[in-house]
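Data block below; observations after.
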Amino acid sequence: MRSISGSHLNLGVILCKHCGEMIDTVDTDRVIVYYSQCEQELCKQSACMKQLNETNHTTKMKTA
């Protein structure tokens with residue numbers, strides 16, 4: 001853990017890969033960005049649509 005003037009400083013951040021909202025910070029040795037998914041409904045729908053599109057694309061490639 002690092003501290004500046006007695007306060008805690010986390011160098012890592014977790015961002016939503018769909019909307020960019022900061023989800024959390026993490027204690028890391030260097031500046032680093034992790035991507036995850038937040039709890040907003042639009043982001044959940046976006047993840048479902050992306051997965052569906054990837055599945056359809058893979059299926060089309062196998063049948064071609």
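Chain labels run A, B, ... following the order of the structure tokens; each chain numbers its residues from 1, and ligands are numbered from 1 in the order shown.
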task = Write out as a ChimeraX atom specification which residues come within 9 Å of A:Glu21 when counting only C-alpha atoms, dropping same-chain ones fewer than 6 positions away.
result = /A:14-15,38
Mind writing the picked residues with C-alpha atoms as a tab-separated table (two decimals), in the first residue's frame?
```tsv
chain	number	residue	atom	x	y	z
A	14	ILE	CA	-11.32	-1.54	-12.71
A	15	LEU	CA	-13.40	0.01	-15.49
A	38	CYS	CA	-20.71	-2.96	-14.27
```
Hey, what's within 7 Å of stretch 28-30 of chain A if we count only C-alpha atoms and toss same-chain stuff fewer than 6 positions away? As a list in words, please? Asn10, Leu11 and Gly12 of chain A
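Put simply, atom CA of A:Val13 is 5.1 Å away from atom CA of A:Val33.
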As a PyMOL selection string, please: all residues of stretch 15-63 of chain A that backbone DSSP puts in strand (DSSP E or B).
chain A and resi 15-16+22-26+32-36
Could those selected residues go to a file with N, CA and C atoms, as a PDB file, in the first residue's frame?
```pdb
ATOM      1  N   LEU A  15     -12.434  -0.752 -14.713  1.00  0.00           N
ATOM      2  CA  LEU A  15     -13.400   0.012 -15.494  1.00  0.00           C
ATOM      3  C   LEU A  15     -14.368  -0.914 -16.204  1.00  0.00           C
ATOM      4  N   CYS A  16     -15.599  -0.436 -16.402  1.00  0.00           N
ATOM      5  CA  CYS A  16     -16.566  -1.192 -17.193  1.00  0.00           C
ATOM      6  C   CYS A  16     -16.130  -1.149 -18.653  1.00  0.00           C
ATOM      7  N   MET A  22     -15.987   3.737 -13.599  1.00  0.00           N
ATOM      8  CA  MET A  22     -15.057   3.144 -12.646  1.00  0.00           C
ATOM      9  C   MET A  22     -15.844   2.265 -11.680  1.00  0.00           C
ATOM     10  N   ILE A  23     -15.482   0.992 -11.618  1.00  0.00           N
ATOM     11  CA  ILE A  23     -16.153   0.031 -10.750  1.00  0.00           C
ATOM     12  C   ILE A  23     -15.483  -0.007  -9.381  1.00  0.00           C
ATOM     13  N   ASP A  24     -14.156  -0.028  -9.375  1.00  0.00           N
ATOM     14  CA  ASP A  24     -13.419  -0.140  -8.112  1.00  0.00           C
ATOM     15  C   ASP A  24     -11.961   0.217  -8.364  1.00  0.00           C
ATOM     16  N   THR A  25     -11.197   0.319  -7.288  1.00  0.00           N
ATOM     17  CA  THR A  25      -9.751   0.476  -7.378  1.00  0.00           C
ATOM     18  C   THR A  25      -9.109  -0.707  -6.664  1.00  0.00           C
ATOM     19  N   VAL A  26      -7.878  -1.009  -7.048  1.00  0.00           N
ATOM     20  CA  VAL A  26      -7.152  -2.122  -6.428  1.00  0.00           C
ATOM     21  C   VAL A  26      -5.739  -1.687  -6.100  1.00  0.00           C
ATOM     22  N   ILE A  32      -2.265   0.274 -13.463  1.00  0.00           N
ATOM     23  CA  ILE A  32      -2.802  -0.774 -14.324  1.00  0.00           C
ATOM     24  C   ILE A  32      -4.317  -0.620 -14.409  1.00  0.00           C
ATOM     25  N   VAL A  33      -4.870  -0.946 -15.574  1.00  0.00           N
ATOM     26  CA  VAL A  33      -6.315  -0.864 -15.789  1.00  0.00           C
ATOM     27  C   VAL A  33      -6.831  -2.261 -16.081  1.00  0.00           C
ATOM     28  N   TYR A  34      -7.836  -2.673 -15.326  1.00  0.00           N
ATOM     29  CA  TYR A  34      -8.537  -3.927 -15.564  1.00  0.00           C
ATOM     30  C   TYR A  34      -9.914  -3.584 -16.098  1.00  0.00           C
ATOM     31  N   TYR A  35     -10.450  -4.456 -16.942  1.00  0.00           N
ATOM     32  CA  TYR A  35     -11.783  -4.237 -17.488  1.00  0.00           C
ATOM     33  C   TYR A  35     -12.707  -5.359 -17.038  1.00  0.00           C
ATOM     34  N   SER A  36     -13.911  -4.974 -16.655  1.00  0.00           N
ATOM     35  CA  SER A  36     -14.939  -5.905 -16.237  1.00  0.00           C
ATOM     36  C   SER A  36     -16.270  -5.354 -16.730  1.00  0.00           C
TER      37      SER A  36
END
```
List the spatial neighbours of A:Gln40 as a PyMOL selection string - criterion: any atom at most 12 Å away, only C-alpha atoms, same-chain residues fewer than 4 positions off excluded. chain A and resi 16-21+23+44-47
request  = Quick one: pick out all alpha helix (DSSP H) residues within stretch 21-51 of chain A from a backbone DSSP run and write them as a PyMOL selection string.
outcome  = chain A and resi 41-51
Restrict the selected residues to N, CA, C and O atoms and save them as a JSON list (two decimals), in the first residue's frame.
```
[["chain", "number", "residue", "atom", "x", "y", "z"],
["A", 41, "GLU", "N", -28.01, -1.91, -16.47],
["A", 41, "GLU", "CA", -28.79, -2.78, -17.35],
["A", 41, "GLU", "C", -28.32, -2.70, -18.81],
["A", 41, "GLU", "O", -28.23, -3.72, -19.49],
["A", 42, "LEU", "N", -28.01, -1.51, -19.29],
["A", 42, "LEU", "CA", -27.55, -1.38, -20.68],
["A", 42, "LEU", "C", -26.25, -2.13, -20.92],
["A", 42, "LEU", "O", -26.04, -2.71, -21.99],
["A", 43, "CYS", "N", -25.37, -2.15, -19.93],
["A", 43, "CYS", "CA", -24.11, -2.87, -20.07],
["A", 43, "CYS", "C", -24.34, -4.37, -20.05],
["A", 43, "CYS", "O", -23.69, -5.11, -20.81],
["A", 44, "LYS", "N", -25.26, -4.82, -19.24],
["A", 44, "LYS", "CA", -25.59, -6.25, -19.23],
["A", 44, "LYS", "C", -26.17, -6.67, -20.58],
["A", 44, "LYS", "O", -25.82, -7.72, -21.13],
["A", 45, "GLN", "N", -27.05, -5.83, -21.14],
["A", 45, "GLN", "CA", -27.64, -6.13, -22.45],
["A", 45, "GLN", "C", -26.57, -6.11, -23.54],
["A", 45, "GLN", "O", -26.58, -6.95, -24.44],
["A", 46, "SER", "N", -25.67, -5.16, -23.45],
["A", 46, "SER", "CA", -24.59, -5.06, -24.43],
["A", 46, "SER", "C", -23.73, -6.32, -24.41],
["A", 46, "SER", "O", -23.34, -6.84, -25.46],
["A", 47, "ALA", "N", -23.45, -6.83, -23.22],
["A", 47, "ALA", "CA", -22.64, -8.05, -23.09],
["A", 47, "ALA", "C", -23.38, -9.24, -23.70],
["A", 47, "ALA", "O", -22.77, -10.07, -24.38],
["A", 48, "CYS", "N", -24.68, -9.33, -23.48],
["A", 48, "CYS", "CA", -25.47, -10.43, -24.04],
["A", 48, "CYS", "C", -25.50, -10.36, -25.56],
["A", 48, "CYS", "O", -25.35, -11.37, -26.24],
["A", 49, "MET", "N", -25.67, -9.15, -26.10],
["A", 49, "MET", "CA", -25.70, -8.98, -27.55],
["A", 49, "MET", "C", -24.34, -9.32, -28.16],
["A", 49, "MET", "O", -24.28, -9.97, -29.20],
["A", 50, "LYS", "N", -23.27, -8.92, -27.52],
["A", 50, "LYS", "CA", -21.93, -9.22, -28.02],
["A", 50, "LYS", "C", -21.70, -10.73, -28.05],
["A", 50, "LYS", "O", -21.20, -11.28, -29.02],
["A", 51, "GLN", "N", -22.12, -11.41, -26.99],
["A", 51, "GLN", "CA", -21.94, -12.86, -26.92],
["A", 51, "GLN", "C", -22.78, -13.54, -28.00],
["A", 51, "GLN", "O", -22.32, -14.47, -28.66]]
```
